[in-house]
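Trainee: Once you've had a glance at the structure underneath, I'll fire off some questions.
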Amino acid sequence: MSRISEETVNKIAHLARLSINEQELPEYVTNLSNILTLVEEMSQFDTKQIQAMAHPLAMSQRLREDKVTEPNQREEMQKLTKFTEAGLYLVPQVIE
Amino acid sequence: MMHTKTVAEMANDLAAKKYSSVELTTHFLNRIEHYGENLNSFITVTKEQALAAAKHADVQRQAGKAGPLTGIPMAQKDIFCTKGVKTSCGSKMLDNFISPYDATLIERCNQAGLVMLGKANMDEFAMGSSNENSYYGPVKNPWDLTRVPGGSSGGSAAAVAARLAPIATGTDTGGSIRQPAALCNLTGIKPTYGRVSRYGMIAFASSLDQGGIFGVNAEDAALLLNVIAGFDEKDSTSADMPVPDYRKTLNDSLTGLRIGVPKEYFAEGLNSQVADCIHEAIKTYEKLGAVIKEISLPHTNMSIPAYYVIAPAECSSNLSRYDGVRYGYRCEKPKDLIDLYKRTRSEGFGKEVKRRIMIGTYALSAGYYDAYYLKAQQIRQLIRQDFVEAFKEVDVILGPTTPDTAFKIGEKADDPVSMYLSDIYTISVNLAGLPGISAPAGFVNNLPVGMQLIGHDFSEAKLLNVVHQYQQHTDWHKRMPEGF
């Protein structure tokens with residue numbers, strides 16, 4: 001008995017911006033179901049009174065002064081893709 | 001036979017001008033050329049940069065400006081960004097990514113005069129325990145070429161085990177340094193969370209990820225930890241704590257050291273011959289003056305379930321950045337924006353990465369947060385509490401690193417859950433943020449067995465000391481695989 005259906009796998013895939021093809025779908029259903037079965041072993045422990053961990057060493061988030069520290073490296077960074085124009089990144093048309 | 005020496009010995013030889021860094025580096029580059037392809041331990045070999053860096057190291061030495069590790073060659077896991085060099089993280093997604101900057105760890109190694117030989121193979125985005133999830137193919141274990149070297153830092157481990165590099169870096173999110181160290185007969189240290197900067201280390205699960213080291217012994221690991229440990233402003237979770245000289249305390253006596261042995265680490269599932277090796281190690285420690293105490297870490301069994309919520313949840317968030325727009329892989333001819341995202345990610349990521357992204361997305365989706373993520377973070381608190389309680393009675397905790405020796409390539413590849421279970425002894429250490437070290441403790445059927453020592457927060461110096469003393473009285477760590 002699978003814990004999740006093919007429909008659920010497709011739904012999660014969409015949320016994660018992935019697509020799973022028909023051939024691979026049964027394999028994902030089996031593997032993800034097995035992983036969830038493993039994960040659900042947690043439910044045997046009552047944790048109502050336990051505070052969830054926020055940081056393993058109980059450290060607080062360090063803050064810094066609000067000032068610019070990074071130089072502008074737009075040209076350097078945009079060398080990493082072919083799809084730029086006039087300093088902007090190109091994607092398929094979004095607005096008609 | 002320069003490659004059979006330890007880093008400490010090489011450093012002395014370089015200082016005594018017995019050979020130059022160019023000679024030493026050339027020797028290792030030749031070894032990589034000869035053996036590297038078969039092992040598949042490197043994704044990129046940076047020959048020209050290495051020779052230039054070695055030459056520079058020799059000039060620095062001539063000018064009297066050499067540090068303790070100036071001119072020592074090393075391998076870097078391909079998860080650390082290296083300026084001007086391909087940084088793939090073992091993924092098709094970053095196969096074309098030339099990093100525009102250096103990770104802090106890389107910067108520190110460069111400043112110390114270390115010479116990078118190349119970028120080591122790894123499981124894609126550090127997700128795996130066998131190195132079979134690499135886009136560049138599996139790495140072989142030098143002790144038996146039909147077996148896995150462990151993962152995710154499998155390339156680093158195989159490279160050092162075969163002495164294609166004298167020392168290497170790795171990262172450890174659930175055991176990715178300690179498990180391959182155990183399977184390849186190396187000393188591998190995962191420092192305390194926050195000890196080594198994560199800046200420029202490609203993120204998998206940010207609350208667990210920690211950079212560390214593979215060396216042939218504890219002394220070598222101490223020497224490199226002196227270089228890479230320390231506070232970094234660029235990493236908001238970096239620990240602002242003083243860094244001791246890790247070499248200084250290596251020779252401290254173990255008389256009176258309290259070693260805890262958790263009964264849960266010897267329960268069902270542990271290979272009995274592996275257990276025998278660990279019991280032998282315990283006896284050695286008793287001879288060295290340590291006091292052995294049985295302890296209990298009652299929530300050990302919950303570490304894998306909790307980990308497989310927390311790590312995927314964090315990975316699903318971290319890996320959302322790979323969208324085909326600014327860098328990395330991009331699918332051909334996307335018909336709209338959603339198609340660009342979906343096809344880029346489906347074609348660019350391997351199966352295990354997709355599985356974890358999906359588990360994480362599911363666990364964080366509306367209505368499931370309390371049952372999964374919140375629950376896992378509560379369990380995580382219980383796991384840490386187990387350790388905190390134990391450290392009231394003992395100084396370090398000792399057990400096996402893995403339940404068994406290296407498994408066959410392909411043996412667990414189709415069954416993610418059975419692969420996950422091989423990390424039972426290492427994962428809880430990451431959940432608790434503690435430092436851990438694996439060291440050679442014997443052989444079963446000519447395959448290495450590792451013992452794991454776990455310490456309290458920031459006790460790396462103690463762990464290195466405890467392993468170093470063991471290595472003064474045993475020679476498992478000196479054994480090398482045949483044929484290299």
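Order determines the names: the first chain of the structure tokens is A, the second B, and so forth; residues in each chain are numbered 1 upward, and ligands are numbered 1 upward as they are shown.
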Should the cut-off be 6 Å, what would the residue list for chain A against chain B look like, counting only C-alpha atoms, as a VMD selection string?
Mentor: chain A and resid 17 to 19 38 to 39 50 to 53 56 80 to 81 92
Trainee: Give me the residues within 6 Å of Met122 (chain B) as a PyMOL selection string, counting only C-alpha atoms and dropping any in the same chain fewer than 5 places off.
Mentor: chain B and resi 90+131+134+152-155
Trainee: Mind giving me the straight-line distance from CA of Val396 (chain B) to CA of Leu257 (chain B) in Å, one decimal?
Mentor: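 Calculated distance between CA of Val396 (chain B) and CA of Leu257 (chain B) is 8.1 Å.
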Trainee: Fewer than 6 positions away in the same chain doesn't count, so skip those; otherwise give me all residues within 9 Å of Ala8 (chain B), counting only C-alpha atoms, as a PyMOL selection string.
Mentor: chain B and resi 68-69+219-220+223
Trainee: Quick one: DSSP strand (DSSP E) residues in chain A, as a list of chain:residue names?
Mentor: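 Strand (DSSP E) assignments inside chain A correspond to A:Thr84, A:Glu85, A:Leu88, A:Tyr89.
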Trainee: Please provide as JSON, numbers by chain all residues within 8 Å of region 3-10 of chain A, with the sequence filter that same-chain residues fewer than 6 positions apart are discarded (counting only C-alpha atoms).
Mentor: {"A": [19, 20, 25, 26, 28, 29, 32, 33, 34, 36, 37]}
Trainee: What would the file look like if the residues just selected were written as a short mmCIF file (atom, residue, chain, number, x, y, z; two decimals), in the first residue's frame with all heavy atoms?
Mentor:
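This went into again34.cif:
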data_model
loop_
_atom_site.label_atom_id
_atom_site.label_comp_id
_atom_site.auth_asym_id
_atom_site.auth_seq_id
_atom_site.Cartn_x
_atom_site.Cartn_y
_atom_site.Cartn_z
N SER A 19 9.21 18.09 -13.43
CA SER A 19 8.21 17.25 -14.09
C SER A 19 8.73 15.82 -14.11
O SER A 19 9.90 15.58 -14.36
CB SER A 19 7.89 17.76 -15.50
OG SER A 19 9.08 17.88 -16.23
N ILE A 20 7.85 14.92 -13.77
CA ILE A 20 8.20 13.50 -13.72
C ILE A 20 7.47 12.83 -14.88
O ILE A 20 6.25 12.95 -15.00
CB ILE A 20 7.73 12.88 -12.38
CG1 ILE A 20 8.31 13.63 -11.18
CG2 ILE A 20 8.09 11.39 -12.31
CD1 ILE A 20 9.80 13.62 -11.05
N LEU A 25 7.18 7.59 -13.09
CA LEU A 25 6.21 7.87 -12.03
C LEU A 25 6.07 6.74 -11.00
O LEU A 25 6.16 7.01 -9.79
CB LEU A 25 4.86 8.25 -12.66
CG LEU A 25 3.87 9.00 -11.78
CD1 LEU A 25 4.50 10.26 -11.17
CD2 LEU A 25 2.64 9.37 -12.58
N PRO A 26 5.88 5.47 -11.43
CA PRO A 26 5.71 4.41 -10.43
C PRO A 26 6.92 4.29 -9.48
O PRO A 26 6.76 4.07 -8.28
CB PRO A 26 5.59 3.13 -11.28
CG PRO A 26 5.19 3.60 -12.63
CD PRO A 26 5.77 4.96 -12.80
N TYR A 28 8.93 6.73 -8.55
CA TYR A 28 8.86 7.82 -7.57
C TYR A 28 7.81 7.53 -6.51
O TYR A 28 8.02 7.80 -5.32
CB TYR A 28 8.60 9.16 -8.26
CG TYR A 28 9.89 9.79 -8.77
CD1 TYR A 28 10.34 9.57 -10.06
CD2 TYR A 28 10.68 10.60 -7.93
CE1 TYR A 28 11.52 10.13 -10.53
CE2 TYR A 28 11.86 11.16 -8.40
CZ TYR A 28 12.28 10.92 -9.69
OH TYR A 28 13.46 11.47 -10.12
N VAL A 29 6.68 6.98 -6.91
CA VAL A 29 5.62 6.66 -5.94
C VAL A 29 6.16 5.68 -4.90
O VAL A 29 6.02 5.89 -3.69
CB VAL A 29 4.37 6.07 -6.64
CG1 VAL A 29 3.39 5.50 -5.62
CG2 VAL A 29 3.67 7.15 -7.48
N LEU A 32 9.26 7.42 -2.80
CA LEU A 32 8.80 8.49 -1.89
C LEU A 32 7.92 7.90 -0.78
O LEU A 32 8.00 8.32 0.37
CB LEU A 32 8.06 9.59 -2.66
CG LEU A 32 8.89 10.37 -3.70
CD1 LEU A 32 8.06 11.53 -4.27
CD2 LEU A 32 10.19 10.92 -3.13
N SER A 33 7.11 6.90 -1.12
CA SER A 33 6.28 6.25 -0.09
C SER A 33 7.16 5.58 0.96
O SER A 33 6.90 5.68 2.16
CB SER A 33 5.36 5.20 -0.72
OG SER A 33 4.43 5.84 -1.55
N ASN A 34 8.21 4.88 0.50
CA ASN A 34 9.12 4.22 1.45
C ASN A 34 9.82 5.24 2.35
O ASN A 34 9.99 5.00 3.55
CB ASN A 34 10.17 3.41 0.70
CG ASN A 34 9.57 2.17 0.05
OD1 ASN A 34 8.46 1.77 0.39
ND2 ASN A 34 10.29 1.58 -0.89
N LEU A 36 8.67 8.17 3.20
CA LEU A 36 7.69 8.71 4.15
C LEU A 36 7.37 7.71 5.26
O LEU A 36 7.14 8.10 6.41
CB LEU A 36 6.42 9.15 3.42
CG LEU A 36 6.61 10.42 2.55
CD1 LEU A 36 5.37 10.69 1.72
CD2 LEU A 36 6.95 11.64 3.43
N THR A 37 7.37 6.42 4.92
CA THR A 37 7.17 5.40 5.96
C THR A 37 8.28 5.48 7.01
O THR A 37 8.03 5.43 8.21
CB THR A 37 7.16 3.99 5.33
OG1 THR A 37 6.14 3.97 4.33
CG2 THR A 37 6.88 2.92 6.36
#
